[in-house]
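Listing of model32.txt; format and content: compact mmCIF, C-alpha atoms.
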# COMPACT_ATOMS: atom_id res chain seq x y z
CA MET T 131 9.97 20.97 -1.47
CA ARG T 132 13.23 20.26 -3.24
CA ARG T 133 15.62 17.69 -1.80
CA LYS T 134 19.31 18.31 -1.35
CA THR T 135 21.78 16.37 -3.47
CA GLY T 136 23.15 14.63 -0.34
CA ASP T 137 19.69 13.28 0.48
CA LYS T 138 19.38 11.91 -3.03
CA TYR T 139 22.75 10.18 -2.66
CA LYS T 140 21.84 8.69 0.73
CA GLU T 141 18.83 7.03 -0.89
CA THR T 142 21.19 5.05 -3.12
CA THR T 143 23.31 3.60 -0.31
CA PHE T 144 22.62 0.15 1.08
CA LEU T 145 21.03 1.53 4.25
CA GLY T 146 19.14 4.21 2.33
CA MET T 147 17.60 1.66 0.00
CA PHE T 148 16.94 -0.64 2.95
CA ARG T 149 14.93 2.15 4.59
CA ILE T 150 12.91 2.58 1.39
CA SER T 151 12.29 -1.15 1.00
CA GLY T 152 11.50 -1.67 4.67
CA LEU T 153 11.80 -4.60 7.04
CA LYS T 154 9.22 -6.61 5.13
CA LEU T 155 12.01 -7.40 2.67
CA VAL T 156 13.75 -9.39 5.43
CA PHE T 157 10.87 -10.52 7.64
CA ASN T 158 8.65 -12.46 5.28
CA LEU T 159 7.70 -16.00 4.32
CA THR T 160 11.16 -16.62 2.88
CA LEU T 161 12.69 -16.17 6.33
CA LEU T 162 10.03 -18.28 8.00
CA ASN T 163 10.28 -21.06 5.40
CA SER T 164 14.07 -21.21 5.69
CA LEU T 165 13.83 -21.48 9.49
CA ILE T 166 11.29 -24.29 9.19
CA VAL T 167 13.45 -26.14 6.66
CA ILE T 168 16.60 -25.88 8.79
CA ILE T 169 14.71 -27.16 11.85
CA ILE T 170 13.35 -30.10 9.84
CA ILE T 171 16.77 -30.95 8.39
CA HIS T 172 18.46 -30.68 11.79
CA SER T 173 15.71 -32.84 13.30
CA ILE T 174 16.27 -35.54 10.70
CA PHE T 175 20.08 -35.42 11.06
CA SER T 176 19.87 -35.50 14.86
CA GLU T 177 17.28 -38.30 14.88
CA PHE T 178 14.67 -35.88 16.26
CA ASN T 179 16.79 -34.85 19.22
CA LEU T 180 17.10 -31.09 18.67
CA ASN T 181 19.79 -30.80 21.34
CA ASN T 182 22.08 -33.29 19.58
CA PHE T 183 24.84 -31.49 17.71
CA SER T 184 27.36 -34.33 17.85
CA ILE T 185 26.48 -35.25 14.27
CA TYR T 186 28.29 -32.14 13.05
CA THR T 187 31.81 -33.51 12.95
CA PRO T 188 34.78 -31.46 11.70
CA GLU T 189 35.00 -33.72 8.63
CA LEU T 190 31.35 -33.13 7.78
CA ALA T 191 31.75 -29.41 8.36
CA LYS T 192 34.82 -29.06 6.13
CA ASP T 193 33.13 -31.01 3.34
CA PHE T 194 29.98 -28.91 3.74
CA TYR T 195 31.88 -25.60 3.68
CA ASN T 196 33.81 -26.70 0.59
CA ARG T 197 30.64 -27.54 -1.32
CA ILE T 198 28.71 -24.48 -0.16
CA SER T 199 31.56 -22.13 -1.04
CA SER T 200 31.73 -23.22 -4.67
CA MET T 201 27.95 -23.32 -5.15
CA SER T 202 27.53 -19.90 -3.57
CA ALA T 203 30.21 -18.34 -5.73
CA SER T 204 28.42 -19.63 -8.84
CA ILE T 205 25.06 -18.34 -7.66
CA PHE T 206 26.67 -15.00 -6.76
CA GLY T 207 27.70 -14.58 -10.41
CA ILE T 208 24.30 -15.68 -11.67
CA VAL T 209 22.55 -13.06 -9.52
CA ILE T 210 24.78 -10.29 -10.88
CA ALA T 211 24.14 -11.48 -14.45
CA SER T 212 20.38 -11.60 -13.87
CA LEU T 213 20.47 -8.04 -12.54
CA ALA T 214 22.31 -6.91 -15.68
CA VAL T 215 19.84 -8.69 -17.95
CA SER T 216 16.84 -7.29 -16.09
CA MET T 217 18.18 -3.74 -16.38
CA THR T 218 18.44 -4.06 -20.15
CA VAL T 219 14.83 -5.20 -20.38
CA PHE T 220 13.45 -2.13 -18.59
CA ASN T 221 11.42 0.14 -20.80
CA GLN T 222 13.45 3.36 -20.80
CA LYS T 223 10.27 5.47 -20.73
CA ILE T 224 9.27 4.21 -17.31
CA LEU T 225 12.64 4.45 -15.54
CA ALA T 226 12.30 8.11 -14.52
CA PRO T 227 8.80 7.71 -13.02
CA LEU T 228 9.91 4.53 -11.24
CA GLU T 229 12.90 6.33 -9.76
CA LYS T 230 10.82 9.33 -8.74
CA THR T 231 8.29 7.16 -6.86
CA LYS T 232 11.06 4.96 -5.35
CA LEU T 233 9.67 1.85 -7.08
CA LEU T 234 12.99 1.44 -8.88
CA HIS T 235 14.75 1.43 -5.50
CA LYS T 236 12.33 -1.22 -4.23
CA PHE T 237 12.96 -3.34 -7.32
CA LEU T 238 16.75 -3.06 -7.31
CA PHE T 239 17.48 -3.33 -3.59
CA PRO T 240 16.49 -7.02 -3.24
CA PHE T 241 19.30 -7.82 -5.70
CA TRP T 242 21.76 -5.91 -3.53
CA TYR T 243 20.46 -7.63 -0.41
CA LEU T 244 20.74 -11.02 -2.11
CA ILE T 245 24.33 -10.30 -3.17
CA VAL T 246 25.14 -9.40 0.45
CA LEU T 247 23.59 -12.70 1.60
CA TRP T 248 25.59 -14.75 -0.91
CA GLY T 249 28.72 -12.75 -0.05
CA ALA T 250 28.24 -13.63 3.63
CA VAL T 251 27.76 -17.29 2.74
CA ILE T 252 30.96 -17.25 0.68
CA ILE T 253 33.00 -15.51 3.39
CA ILE T 254 31.79 -17.80 6.18
CA SER T 255 32.26 -20.97 4.13
CA THR T 256 35.74 -19.87 3.10
CA PHE T 257 37.07 -19.03 6.55
CA ALA T 258 35.06 -21.21 8.95
CA PRO T 259 36.97 -24.45 8.15
CA TYR T 260 40.12 -22.83 9.57
CA LEU T 261 38.38 -22.38 12.92
CA TYR T 262 38.51 -26.16 13.39
CA ASN T 263 42.31 -25.89 13.66
CA ILE T 264 42.07 -23.58 16.69
CA ASP T 265 41.93 -25.64 19.87
CA THR T 266 40.50 -22.88 22.06
CA ILE T 267 37.23 -22.63 20.13
CA ASN T 268 34.43 -24.57 21.72
CA SER T 269 32.67 -27.22 19.60
CA THR T 270 29.32 -25.60 20.43
CA VAL T 271 30.51 -22.39 18.77
CA LEU T 272 31.73 -24.33 15.72
CA ASN T 273 28.42 -26.23 15.47
CA SER T 274 26.47 -22.99 15.81
CA ILE T 275 28.46 -21.40 12.99
CA LEU T 276 27.88 -24.47 10.82
CA LEU T 277 24.15 -24.49 11.51
CA PHE T 278 23.95 -20.72 10.90
CA GLU T 279 25.83 -21.14 7.62
CA PHE T 280 23.46 -23.90 6.55
CA TRP T 281 20.45 -21.73 7.42
CA LEU T 282 21.96 -18.72 5.62
CA PHE T 283 22.52 -20.83 2.52
CA ILE T 284 18.90 -22.03 2.54
CA TYR T 285 17.59 -18.51 3.22
CA SER T 286 19.70 -17.11 0.36
CA LEU T 287 18.49 -19.86 -1.95
CA PHE T 288 14.84 -19.20 -1.07
CA PHE T 289 15.42 -15.45 -1.47
CA ALA T 290 16.95 -16.06 -4.92
CA ILE T 291 13.78 -17.94 -5.88
CA LYS T 292 11.74 -14.99 -4.62
CA ILE T 293 13.82 -12.61 -6.76
CA THR T 294 13.20 -14.83 -9.79
CA GLY T 295 9.48 -14.38 -9.19
CA LEU T 296 10.03 -10.63 -8.94
CA LEU T 297 11.83 -10.65 -12.29
CA ILE T 298 9.05 -12.63 -13.95
CA ARG T 299 6.45 -10.18 -12.65
CA LEU T 300 8.57 -7.24 -13.82
CA PHE T 301 8.96 -8.67 -17.32
CA LEU T 302 5.21 -9.27 -17.57
CA GLN T 303 4.44 -5.74 -16.37
CA ASN T 304 7.06 -4.28 -18.71
CA ALA T 305 5.40 -6.09 -21.63
CA ARG T 306 2.09 -4.41 -20.77
CA VAL T 307 3.70 -0.97 -20.95
CA LEU T 308 5.06 -1.50 -24.45
Could you write out this file's structure as structure tokens?
Amino acid sequence: MRRKTGDKYKETTFLGMFRISGLKLVFNLTLLNSLIVIIIIHSIFSEFNLNNFSIYTPELAKDFYNRISSMSASIFGIVIASLAVSMTVFNQKILAPLEKTKLLHKFLFPFWYLIVLWGAVIIISTFAPYLYNIDTINSTVLNSILLFEFWLFIYSLFFAIKITGLLIRLFLQNARVL
């Protein structure tokens, strides 16, 4: 059965490629490891009192957001460059079969997902410091945003490492095809 052109286009959207890749892209060891790491770091900072968020002062938060913003912007560019490099390495003979079987979608979508993660980190770290100037925002909300941002940064970092492994496997498999 032949697919309509609109269906083919929908497969190339973020949600279309997410459906092809599945939830296992998000719910995996990378997510679990990042949650474990953030709990360990928070435990150490809070002197093993998980309910203690008083350590997250506005000064600490602003310094953290400043550092995270610049690091994330650099990594954002590196991810885009690595995607470009990986696309040039693909053996042109195997691109059509990979696209037909949706393996190309499954390979490319993690890059898109990672760019979205780093974009979210950059946006939050850019605008969250201004929330500390608004008196009506509760400190619990501010601390939650800070902790979420810290977790998102760690998750994005771990996911970038996972993508590096994906690239290495791809390059090795591409060498076998040649």
>> I need the residue nearest Leu190 of chain T from this list: T:Ile298, T:Leu238, T:Phe175, T:Arg149. Use only C-alpha atoms for the distance.
In response: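 Closest candidate: T:Phe175.
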>> Between atom CA of Phe206 of chain T and atom CA of Pro240 of chain T, what distance in Å does the model show, to one decimal?
In response: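 Computing the Euclidean distance for atom CA of Phe206 of chain T and atom CA of Pro240 of chain T yields 13.4 Å.
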Determine the axis-aligned bounding box of all atoms of segment 149-155 of chain T present in the file, pad each side by 5 Å, and express its centre and edge lengths in Å to one decimal place as JSON.
{"center_x": 12.1, "center_y": -2.4, "center_z": 4.0, "size_x": 15.7, "size_y": 20.0, "size_z": 16.0}
> Quick one: of T:Ala258, T:Leu244, T:Ile210, T:Leu228, who's nearest to Leu277 of chain T, counting only C-alpha atoms?
Replying inline: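 Nearest to Leu277 of chain T: T:Ala258.
Computed from the coordinates, the atom CA of Tyr260 of chain T to atom CA of Glu279 of chain T distance equals 14.5 Å.
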> Between atom CA of Ile170 of chain T and atom CA of Leu296 of chain T, what is the spacing in Å?
Replying inline: 27.3 Å
>> I want to know what sits within 10 Å of Thr270 of chain T, based on all atoms listed in the file, with residues of the same chain fewer than 3 positions away left out; could you give that as a PyMOL selection string?
In response: chain T and resi 183-184+186+267+273-276
>> Using all atoms listed in the file for the distances, tell me which of T:Phe148, T:Phe178, T:Phe283, T:Trp242 is nearest to Ala203 of chain T.
In response: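 For Ala203 of chain T, the nearest of the candidates is T:Phe283.
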